[in-house]
file data-v4.txt (compact mmCIF, C-alpha atoms)
# COMPACT_ATOMS: atom_id res chain seq x y z
CA MET A 1 0.00 0.00 0.00
CA ARG A 2 1.25 3.45 -0.96
CA LEU A 3 0.27 6.54 1.03
CA GLY A 4 -0.47 9.87 -0.57
CA PHE A 5 -1.41 13.46 0.25
CA HIS A 6 -4.55 15.16 -1.05
CA ALA A 7 -3.90 18.77 -2.08
CA SER A 8 -7.21 20.61 -1.64
CA HIS A 9 -7.37 23.57 -4.03
CA GLU A 10 -10.82 24.46 -2.73
CA GLN A 11 -9.43 25.19 0.73
CA ILE A 12 -5.90 26.48 0.29
CA ALA A 13 -4.28 29.13 -1.92
CA PRO A 14 -2.09 27.57 -4.63
CA SER A 15 1.16 29.16 -3.41
CA ARG A 16 0.64 27.80 0.09
CA LEU A 17 -0.53 24.44 -1.25
CA LEU A 18 2.73 24.14 -3.20
CA ASP A 19 4.62 24.53 0.07
CA ASP A 20 2.32 21.94 1.65
CA VAL A 21 2.95 19.30 -1.02
CA ARG A 22 6.71 19.80 -0.71
CA LEU A 23 6.41 19.39 3.05
CA ALA A 24 4.31 16.26 2.55
CA GLU A 25 7.05 14.71 0.43
CA GLN A 26 9.64 15.50 3.11
CA ALA A 27 7.38 13.90 5.74
CA GLY A 28 7.19 10.62 3.82
CA PHE A 29 4.11 10.84 1.62
CA GLU A 30 4.85 8.99 -1.63
CA MET A 31 2.38 10.68 -3.97
CA ALA A 32 -0.32 13.34 -4.14
CA MET A 33 -3.60 14.09 -5.86
CA CYS A 34 -5.96 17.03 -6.29
CA SER A 35 -9.26 18.01 -7.91
CA ASP A 36 -9.84 20.56 -10.66
CA HIS A 37 -12.51 23.03 -9.52
CA ILE A 38 -13.34 26.60 -10.44
CA SER A 39 -15.15 27.23 -7.17
CA PRO A 40 -15.03 25.78 -3.65
CA TRP A 41 -17.86 23.82 -2.07
CA GLY A 42 -18.58 26.61 0.40
CA SER A 43 -17.52 30.14 1.28
CA ARG A 44 -15.66 28.94 4.40
CA GLN A 45 -13.26 27.03 2.15
CA GLY A 46 -12.66 30.16 0.12
CA HIS A 47 -10.16 29.10 -2.60
CA SER A 48 -10.01 27.45 -6.00
CA GLY A 49 -6.74 27.82 -7.89
CA TYR A 50 -6.27 26.40 -11.38
CA ALA A 51 -5.12 22.84 -10.75
CA TRP A 52 -3.29 22.34 -14.05
CA ALA A 53 -0.93 25.28 -13.59
CA TRP A 54 -0.27 24.16 -10.03
CA LEU A 55 0.41 20.58 -11.16
CA GLY A 56 3.28 21.72 -13.38
CA ALA A 57 4.89 23.51 -10.45
CA ALA A 58 4.28 20.61 -8.06
CA LEU A 59 5.72 18.02 -10.43
CA ALA A 60 8.76 20.20 -11.12
CA SER A 61 9.51 20.90 -7.47
CA THR A 62 8.91 17.42 -6.00
CA GLY A 63 9.60 13.86 -7.02
CA LEU A 64 6.06 12.74 -6.25
CA GLU A 65 3.62 11.01 -8.54
CA LEU A 66 0.60 13.31 -8.92
CA GLY A 67 -2.92 12.92 -10.18
CA VAL A 68 -5.92 15.15 -10.80
CA VAL A 69 -9.67 14.60 -11.03
CA CYS A 70 -11.04 16.46 -14.06
CA ALA A 71 -14.38 16.67 -15.91
CA PRO A 72 -14.10 16.97 -19.72
CA GLY A 73 -17.07 17.78 -21.90
CA GLN A 74 -18.50 21.14 -20.85
CA ARG A 75 -15.99 23.49 -19.21
CA TYR A 76 -13.15 21.75 -21.11
CA HIS A 77 -13.09 20.41 -24.63
CA PRO A 78 -11.71 16.83 -24.57
CA ALA A 79 -8.92 17.66 -27.04
CA VAL A 80 -7.72 20.42 -24.70
CA VAL A 81 -7.80 17.98 -21.77
CA ALA A 82 -5.80 15.49 -23.83
CA GLN A 83 -3.21 18.14 -24.64
CA LYS A 84 -2.85 19.08 -20.96
CA ILE A 85 -2.46 15.43 -19.98
CA ALA A 86 0.07 14.73 -22.72
CA THR A 87 2.17 17.78 -21.93
CA LEU A 88 2.54 17.00 -18.24
CA ALA A 89 3.12 13.30 -18.95
CA GLU A 90 5.79 14.15 -21.54
CA MET A 91 7.65 16.38 -19.10
CA PHE A 92 7.30 14.03 -16.13
CA PRO A 93 7.24 10.45 -17.48
CA GLY A 94 5.38 7.93 -15.36
CA ARG A 95 4.50 10.46 -12.68
CA PHE A 96 1.12 11.82 -13.77
CA TRP A 97 -2.41 10.38 -14.00
CA THR A 98 -5.85 11.84 -14.58
CA ALA A 99 -9.23 10.71 -13.27
CA LEU A 100 -11.98 11.64 -15.71
CA GLY A 101 -15.43 12.29 -14.25
CA SER A 102 -18.80 13.57 -15.42
CA GLY A 103 -18.54 16.73 -13.33
CA GLU A 104 -20.65 18.88 -11.02
CA ALA A 105 -22.85 21.83 -11.90
CA SER A 106 -20.97 23.99 -9.40
CA ASN A 107 -18.03 24.02 -11.80
CA GLU A 108 -19.62 23.47 -15.20
CA HIS A 109 -22.51 25.96 -15.07
CA ILE A 110 -20.10 28.82 -15.84
CA THR A 111 -20.25 28.04 -19.57
CA GLY A 112 -23.95 28.98 -19.63
CA ASP A 113 -24.76 25.69 -21.33
CA ARG A 114 -27.62 23.54 -20.07
CA TRP A 115 -26.58 21.10 -17.34
CA PRO A 116 -27.51 17.67 -18.75
CA ALA A 117 -29.18 14.79 -16.96
CA LYS A 118 -26.85 12.28 -15.29
CA GLU A 119 -27.13 9.61 -17.99
CA VAL A 120 -26.37 12.18 -20.70
CA ARG A 121 -23.36 13.42 -18.72
CA THR A 122 -22.09 9.87 -18.37
CA ARG A 123 -22.42 9.19 -22.09
CA ARG A 124 -20.72 12.51 -22.82
CA LEU A 125 -17.86 11.49 -20.51
CA GLU A 126 -17.49 8.16 -22.30
CA GLU A 127 -17.25 9.97 -25.63
CA CYS A 128 -14.61 12.28 -24.15
CA VAL A 129 -12.64 9.32 -22.79
CA ASP A 130 -12.60 7.75 -26.23
CA VAL A 131 -11.41 11.01 -27.84
CA ILE A 132 -8.71 11.56 -25.20
CA SER A 133 -7.50 7.96 -25.43
CA ARG A 134 -7.23 8.08 -29.20
CA LEU A 135 -5.37 11.38 -29.09
CA LEU A 136 -2.92 9.99 -26.51
CA ASP A 137 -2.38 7.05 -28.88
CA GLY A 138 -1.28 9.49 -31.58
CA GLU A 139 -4.38 9.45 -33.77
CA THR A 140 -5.88 12.40 -35.61
CA VAL A 141 -9.42 12.48 -34.26
CA SER A 142 -12.72 13.75 -35.62
CA HIS A 143 -15.91 13.03 -33.71
CA GLU A 144 -19.56 14.11 -33.76
CA GLY A 145 -21.87 13.32 -30.90
CA LEU A 146 -22.43 14.89 -27.50
CA VAL A 147 -19.03 16.51 -28.12
CA THR A 148 -17.60 17.59 -31.46
CA VAL A 149 -13.96 17.23 -32.48
CA ASP A 150 -12.54 18.33 -35.83
CA ARG A 151 -9.24 16.79 -36.93
CA ALA A 152 -7.48 17.13 -33.57
CA ARG A 153 -3.95 15.84 -33.12
CA LEU A 154 -1.40 15.99 -30.32
CA TRP A 155 2.04 16.94 -31.59
CA ASP A 156 3.88 16.25 -28.32
CA LEU A 157 3.17 12.82 -26.92
CA PRO A 158 4.62 11.21 -23.78
CA GLY A 159 6.84 8.18 -24.13
CA THR A 160 4.82 6.48 -21.40
CA ARG A 161 1.05 6.63 -21.83
CA PRO A 162 -0.46 8.15 -18.67
CA ARG A 163 -3.21 6.36 -16.79
CA LEU A 164 -6.83 7.44 -17.26
CA VAL A 165 -8.52 6.56 -13.97
CA GLY A 166 -12.25 6.16 -13.30
CA PRO A 167 -13.66 8.05 -10.30
CA ALA A 168 -16.70 6.33 -8.78
CA VAL A 169 -18.63 6.53 -5.52
CA SER A 170 -21.52 4.17 -6.30
CA VAL A 171 -21.51 0.50 -7.26
CA ALA A 172 -23.17 1.28 -10.59
CA SER A 173 -20.56 3.89 -11.50
CA ALA A 174 -17.70 1.59 -10.51
CA ALA A 175 -19.00 -1.15 -12.80
CA ARG A 176 -19.49 1.29 -15.67
CA VAL A 177 -16.05 2.94 -15.58
CA ALA A 178 -14.44 -0.51 -15.60
CA ALA A 179 -15.04 -0.62 -19.36
CA TRP A 180 -12.40 2.07 -19.98
CA ALA A 181 -10.46 2.92 -16.82
CA ASP A 182 -6.82 2.10 -16.02
CA GLY A 183 -7.70 2.18 -12.31
CA LEU A 184 -10.40 3.19 -9.83
CA VAL A 185 -10.49 6.03 -7.30
CA THR A 186 -13.22 6.47 -4.68
CA ILE A 187 -13.74 8.08 -1.26
CA ASN A 188 -14.16 6.79 2.29
CA GLN A 189 -17.57 5.24 2.90
CA PRO A 190 -18.91 2.46 5.12
CA LEU A 191 -16.83 -0.69 4.76
CA ASP A 192 -19.62 -2.73 3.17
CA THR A 193 -20.15 -0.02 0.55
CA LEU A 194 -16.44 0.11 -0.24
CA ARG A 195 -16.32 -3.67 -0.60
CA ASP A 196 -19.22 -3.53 -3.03
CA VAL A 197 -17.63 -0.70 -5.04
CA VAL A 198 -14.31 -2.53 -5.40
CA ALA A 199 -16.06 -5.81 -6.20
CA ALA A 200 -18.23 -4.17 -8.84
CA TYR A 201 -15.17 -2.68 -10.51
CA ARG A 202 -13.20 -5.92 -10.49
CA ASP A 203 -16.18 -8.10 -11.47
CA ALA A 204 -16.78 -5.88 -14.49
CA GLY A 205 -13.19 -6.44 -15.63
CA GLY A 206 -11.68 -3.34 -14.05
CA ARG A 207 -7.89 -3.29 -14.25
CA GLY A 208 -5.12 -1.39 -12.50
CA ALA A 209 -4.81 -0.03 -8.99
CA CYS A 210 -7.76 0.80 -6.75
CA SER A 211 -7.22 4.07 -4.87
CA LEU A 212 -9.03 5.49 -1.85
CA GLN A 213 -9.23 9.11 -0.76
CA VAL A 214 -9.84 9.39 2.99
CA HIS A 215 -11.30 12.63 4.34
CA LEU A 216 -10.16 13.02 7.95
CA SER A 217 -9.91 15.56 10.73
CA TRP A 218 -7.24 15.35 13.40
CA ALA A 219 -6.21 17.86 16.05
CA PRO A 220 -4.63 17.65 19.52
CA THR A 221 -8.06 17.63 21.20
CA PRO A 222 -11.38 16.06 20.20
CA GLN A 223 -13.08 19.45 20.31
CA GLN A 224 -10.57 20.96 17.86
CA ALA A 225 -10.85 18.01 15.47
CA GLU A 226 -14.64 18.27 15.53
CA ALA A 227 -14.59 22.04 15.03
CA VAL A 228 -12.32 21.78 11.98
CA ALA A 229 -14.49 19.09 10.39
CA LEU A 230 -17.73 20.99 10.95
CA ASP A 231 -16.33 24.32 9.79
CA GLN A 232 -14.69 23.07 6.59
CA TRP A 233 -16.69 20.03 5.48
CA ARG A 234 -20.30 20.80 6.36
CA THR A 235 -20.94 21.73 2.70
CA ASN A 236 -19.59 18.39 1.43
CA VAL A 237 -22.01 15.95 3.02
CA PHE A 238 -24.90 16.06 0.55
CA PRO A 239 -25.67 12.90 -1.43
CA GLU A 240 -26.38 12.71 -5.12
CA PRO A 241 -28.08 14.36 -6.94
CA VAL A 242 -27.79 17.43 -4.68
CA CYS A 243 -23.98 17.50 -4.83
CA TRP A 244 -24.09 17.15 -8.63
CA ASP A 245 -26.80 19.69 -9.38
CA THR A 246 -26.32 22.59 -6.94
CA GLU A 247 -24.71 25.41 -8.93
CA THR A 248 -23.41 28.00 -6.46
CA VAL A 249 -21.35 28.36 -3.32
CA GLU A 250 -24.25 30.32 -1.86
CA GLY A 251 -26.55 27.35 -2.40
CA PHE A 252 -24.21 24.99 -0.57
CA ASP A 253 -23.83 27.53 2.26
CA VAL A 254 -27.60 27.76 2.74
CA MET A 255 -28.03 23.99 2.82
CA ALA A 256 -25.10 23.61 5.22
CA GLN A 257 -26.79 25.79 7.84
CA HIS A 258 -28.76 22.69 8.81
CA VAL A 259 -25.80 20.27 8.93
CA ASP A 260 -24.61 19.08 12.34
CA LEU A 261 -21.51 17.23 13.51
CA ASP A 262 -23.15 13.81 13.24
CA ALA A 263 -23.78 14.41 9.55
CA VAL A 264 -20.18 15.51 9.02
CA ARG A 265 -18.92 12.39 10.77
CA GLY A 266 -20.63 10.40 8.03
CA ALA A 267 -18.20 11.91 5.52
CA VAL A 268 -15.09 12.61 7.62
CA GLU A 269 -13.06 10.34 9.91
CA VAL A 270 -12.83 12.52 13.05
CA SER A 271 -10.54 11.84 16.02
CA SER A 272 -7.73 13.40 18.05
CA ASP A 273 -6.17 9.94 18.48
CA LEU A 274 -3.42 9.22 15.94
CA ALA A 275 -3.55 5.49 16.68
CA TRP A 276 -7.28 5.50 15.95
CA HIS A 277 -6.63 7.15 12.58
CA ARG A 278 -3.88 4.62 11.82
CA ASP A 279 -6.18 1.70 12.55
CA ARG A 280 -9.11 3.22 10.67
CA ILE A 281 -7.02 3.89 7.56
CA ALA A 282 -5.68 0.34 7.66
CA GLU A 283 -9.22 -1.03 8.03
CA LEU A 284 -10.49 0.96 5.05
CA ALA A 285 -7.47 0.02 2.93
CA SER A 286 -7.90 -3.67 3.70
CA VAL A 287 -11.02 -3.76 1.53
CA GLY A 288 -8.76 -3.92 -1.52
CA PHE A 289 -7.01 -0.60 -2.07
CA ASP A 290 -3.48 -0.31 -3.39
CA ASP A 291 -3.11 3.45 -2.87
CA VAL A 292 -4.57 5.62 -0.09
CA TYR A 293 -4.63 9.42 -0.22
CA LEU A 294 -5.12 11.23 3.09
CA HIS A 295 -7.07 14.48 3.04
CA PHE A 296 -6.95 16.48 6.26
CA VAL A 297 -10.00 18.72 5.82
CA GLY A 298 -8.50 21.66 7.71
CA GLN A 299 -6.74 24.59 6.07
CA ASP A 300 -3.54 24.52 8.16
CA GLN A 301 -1.85 21.39 6.81
CA GLN A 302 1.53 21.50 8.55
CA PRO A 303 0.52 20.07 11.96
CA PHE A 304 -1.29 17.21 10.20
CA ILE A 305 1.64 16.52 7.87
CA ASP A 306 4.15 16.55 10.73
CA ALA A 307 2.07 14.36 13.05
CA PHE A 308 1.08 11.78 10.44
CA GLY A 309 4.56 11.74 8.93
CA GLU A 310 6.05 10.85 12.29
CA HIS A 311 3.39 8.68 13.91
CA VAL A 312 1.02 7.26 11.28
CA LEU A 313 2.74 6.66 7.95
CA PRO A 314 5.65 4.56 9.35
CA GLN A 315 3.28 2.36 11.35
CA LEU A 316 0.95 1.82 8.40
CA ARG A 317 3.91 0.76 6.28
CA GLY A 318 5.15 -1.46 9.04

call {"tool": "encode", "arguments": {"input": "data-v4.txt", "output": "structure tokens"}}
result
Amino acid sequence: MRLGFHASHEQIAPSRLLDDVRLAEQAGFEMAMCSDHISPWGSRQGHSGYAWAWLGAALASTGLELGVVCAPGQRYHPAVVAQKIATLAEMFPGRFWTALGSGEASNEHITGDRWPAKEVRTRRLEECVDVISRLLDGETVSHEGLVTVDRARLWDLPGTRPRLVGPAVSVASAARVAAWADGLVTINQPLDTLRDVVAAYRDAGGRGACSLQVHLSWAPTPQQAEAVALDQWRTNVFPEPVCWDTETVEGFDVMAQHVDLDAVRGAVEVSSDLAWHRDRIAELASVGFDDVYLHFVGQDQQPFIDAFGEHVLPQLRG
């Protein structure tokens, strides 16, 4: 099992986050990942730097493998996504992967285009994956469907083809992305749900590594850990389709007024006990995950990085 750091652009300014990912490498994290958003999930988070520019700096200033979750099809044309992927993979061979998802309205509504129904978004994603894959294979691509591509070609291709990973939270999504993905990435959920998600991916022929992103809150006291989780993650607890279809930060803020700590605990592993976190991460990983990315949901990352680097990562490896 490899252990990684989640770099949260929605919560931390890109300059500070670059310092954080360097510190994470020094503390023993082996890799990192991030998400590509144009807005945060709530006003308390308050940031949303451009992930692709940051990725170039992070790859150049660390030796980590890095990945990003991105949604082609509305805000980004798939040929542009393919070019971004190819450029980073050419500069940093074997160190970059991309998870391709169907997106959320909170990011995609900015184009002014109609936000499609979920099934249409999924079919649009599958068309985009096909276009991106063919471009990464060196083809000249034209396509007409839910996206349109006219004679696109990538002139700088990586020597090593980068992985295209399938992000999935539900069993149905995990089974569907298995048709094209080079790996699976999901988030912490109840153990039985995680088992079903991994099994659905593998049973459908899914190949490559299974990765888990664990949202957690740790602080020296239980009260501090709880306060951080409630303050920063109360807007991230809403199930589908609410999380997909809500368009604005203001909308998430209004809904989050009614969220309590118990609801946040359903999405975040909260404890002041480092040994508890170690055991919980190991339990979640035992379901069948090769890579685990730890996301401390607070905005001050250094205490978390220092504490987990010294007390949690070595014991998990051991």

call {"tool": "axis_aligned_box", "arguments": {"input": "data-v4.txt", "around": "stretch 74-86 of chain A", "padding_each_side": "4 Å", "output": "AutoDock Vina command-line options"}}
result
--center_x -9.2 --center_y 19.1 --center_z -23.1 --size_x 26.6 --size_y 16.8 --size_z 15.8

call {"tool": "residues_near_point", "arguments": {"input": "data-v4.txt", "point": "(8.0, 18.3, -11.8)", "cutoff": "12 Å", "atoms": "all atoms listed in the file", "output": "ChimeraX atom specification"}}
result
/A:18,21-22,53-66,87-96

call {"tool": "atom_distance", "arguments": {"input": "data-v4.txt", "atom1": "atom CA of A:Ala179", "atom2": "atom CA of A:Ser133"}}
result
12.9 Å

call {"tool": "residues_around", "arguments": {"input": "data-v4.txt", "residues": "A:Asp130", "least_positions_apart": "2", "cutoff": "12 Å", "atoms": "only C-alpha atoms", "output": "PyMOL selection string"}}
result
chain A and resi 72-73+78-79+82+100+123-128+132-137+139+141-143+145+147+149+164+179-181

call {"tool": "atom_distance", "arguments": {"input": "data-v4.txt", "atom1": "atom CA of A:Trp115", "atom2": "atom CA of A:Tyr76"}}
result
14.0 Å

call {"tool": "decode", "arguments": {"input": "data-v4.txt", "residues": "stretch 184-255 of chain A", "atoms": "C-alpha atoms", "output": "PDB file, in the first residue's frame"}}
result
ATOM      1  CA  LEU A 184     -10.400   3.193  -9.833  1.00  0.00           C
ATOM      2  CA  VAL A 185     -10.487   6.035  -7.299  1.00  0.00           C
ATOM      3  CA  THR A 186     -13.215   6.470  -4.676  1.00  0.00           C
ATOM      4  CA  ILE A 187     -13.738   8.077  -1.259  1.00  0.00           C
ATOM      5  CA  ASN A 188     -14.160   6.791   2.288  1.00  0.00           C
ATOM      6  CA  GLN A 189     -17.574   5.243   2.896  1.00  0.00           C
ATOM      7  CA  PRO A 190     -18.914   2.455   5.124  1.00  0.00           C
ATOM      8  CA  LEU A 191     -16.830  -0.689   4.758  1.00  0.00           C
ATOM      9  CA  ASP A 192     -19.615  -2.731   3.173  1.00  0.00           C
ATOM     10  CA  THR A 193     -20.146  -0.023   0.553  1.00  0.00           C
ATOM     11  CA  LEU A 194     -16.441   0.107  -0.238  1.00  0.00           C
ATOM     12  CA  ARG A 195     -16.324  -3.674  -0.603  1.00  0.00           C
ATOM     13  CA  ASP A 196     -19.224  -3.527  -3.028  1.00  0.00           C
ATOM     14  CA  VAL A 197     -17.627  -0.696  -5.038  1.00  0.00           C
ATOM     15  CA  VAL A 198     -14.308  -2.529  -5.395  1.00  0.00           C
ATOM     16  CA  ALA A 199     -16.055  -5.811  -6.197  1.00  0.00           C
ATOM     17  CA  ALA A 200     -18.230  -4.168  -8.840  1.00  0.00           C
ATOM     18  CA  TYR A 201     -15.166  -2.675 -10.514  1.00  0.00           C
ATOM     19  CA  ARG A 202     -13.199  -5.925 -10.487  1.00  0.00           C
ATOM     20  CA  ASP A 203     -16.181  -8.104 -11.470  1.00  0.00           C
ATOM     21  CA  ALA A 204     -16.782  -5.882 -14.491  1.00  0.00           C
ATOM     22  CA  GLY A 205     -13.191  -6.442 -15.632  1.00  0.00           C
ATOM     23  CA  GLY A 206     -11.678  -3.342 -14.052  1.00  0.00           C
ATOM     24  CA  ARG A 207      -7.891  -3.294 -14.255  1.00  0.00           C
ATOM     25  CA  GLY A 208      -5.117  -1.390 -12.503  1.00  0.00           C
ATOM     26  CA  ALA A 209      -4.809  -0.028  -8.988  1.00  0.00           C
ATOM     27  CA  CYS A 210      -7.759   0.803  -6.748  1.00  0.00           C
ATOM     28  CA  SER A 211      -7.224   4.070  -4.867  1.00  0.00           C
ATOM     29  CA  LEU A 212      -9.033   5.487  -1.851  1.00  0.00           C
ATOM     30  CA  GLN A 213      -9.228   9.113  -0.758  1.00  0.00           C
ATOM     31  CA  VAL A 214      -9.836   9.388   2.992  1.00  0.00           C
ATOM     32  CA  HIS A 215     -11.304  12.632   4.342  1.00  0.00           C
ATOM     33  CA  LEU A 216     -10.159  13.019   7.946  1.00  0.00           C
ATOM     34  CA  SER A 217      -9.906  15.556  10.731  1.00  0.00           C
ATOM     35  CA  TRP A 218      -7.236  15.352  13.396  1.00  0.00           C
ATOM     36  CA  ALA A 219      -6.209  17.863  16.055  1.00  0.00           C
ATOM     37  CA  PRO A 220      -4.628  17.648  19.522  1.00  0.00           C
ATOM     38  CA  THR A 221      -8.059  17.634  21.204  1.00  0.00           C
ATOM     39  CA  PRO A 222     -11.384  16.063  20.200  1.00  0.00           C
ATOM     40  CA  GLN A 223     -13.077  19.454  20.308  1.00  0.00           C
ATOM     41  CA  GLN A 224     -10.573  20.957  17.861  1.00  0.00           C
ATOM     42  CA  ALA A 225     -10.845  18.006  15.466  1.00  0.00           C
ATOM     43  CA  GLU A 226     -14.636  18.271  15.528  1.00  0.00           C
ATOM     44  CA  ALA A 227     -14.592  22.036  15.030  1.00  0.00           C
ATOM     45  CA  VAL A 228     -12.322  21.779  11.980  1.00  0.00           C
ATOM     46  CA  ALA A 229     -14.487  19.090  10.388  1.00  0.00           C
ATOM     47  CA  LEU A 230     -17.733  20.988  10.955  1.00  0.00           C
ATOM     48  CA  ASP A 231     -16.335  24.320   9.793  1.00  0.00           C
ATOM     49  CA  GLN A 232     -14.694  23.074   6.592  1.00  0.00           C
ATOM     50  CA  TRP A 233     -16.690  20.030   5.479  1.00  0.00           C
ATOM     51  CA  ARG A 234     -20.298  20.798   6.356  1.00  0.00           C
ATOM     52  CA  THR A 235     -20.942  21.730   2.703  1.00  0.00           C
ATOM     53  CA  ASN A 236     -19.586  18.387   1.431  1.00  0.00           C
ATOM     54  CA  VAL A 237     -22.007  15.952   3.020  1.00  0.00           C
ATOM     55  CA  PHE A 238     -24.898  16.058   0.550  1.00  0.00           C
ATOM     56  CA  PRO A 239     -25.669  12.903  -1.427  1.00  0.00           C
ATOM     57  CA  GLU A 240     -26.376  12.709  -5.124  1.00  0.00           C
ATOM     58  CA  PRO A 241     -28.076  14.362  -6.944  1.00  0.00           C
ATOM     59  CA  VAL A 242     -27.788  17.427  -4.684  1.00  0.00           C
ATOM     60  CA  CYS A 243     -23.982  17.498  -4.827  1.00  0.00           C
ATOM     61  CA  TRP A 244     -24.092  17.151  -8.634  1.00  0.00           C
ATOM     62  CA  ASP A 245     -26.802  19.689  -9.378  1.00  0.00           C
ATOM     63  CA  THR A 246     -26.317  22.594  -6.945  1.00  0.00           C
ATOM     64  CA  GLU A 247     -24.714  25.410  -8.926  1.00  0.00           C
ATOM     65  CA  THR A 248     -23.411  28.000  -6.462  1.00  0.00           C
ATOM     66  CA  VAL A 249     -21.354  28.360  -3.322  1.00  0.00           C
ATOM     67  CA  GLU A 250     -24.251  30.324  -1.859  1.00  0.00           C
ATOM     68  CA  GLY A 251     -26.546  27.348  -2.399  1.00  0.00           C
ATOM     69  CA  PHE A 252     -24.207  24.992  -0.565  1.00  0.00           C
ATOM     70  CA  ASP A 253     -23.827  27.531   2.263  1.00  0.00           C
ATOM     71  CA  VAL A 254     -27.601  27.761   2.744  1.00  0.00           C
ATOM     72  CA  MET A 255     -28.027  23.988   2.823  1.00  0.00           C
TER      73      MET A 255
END
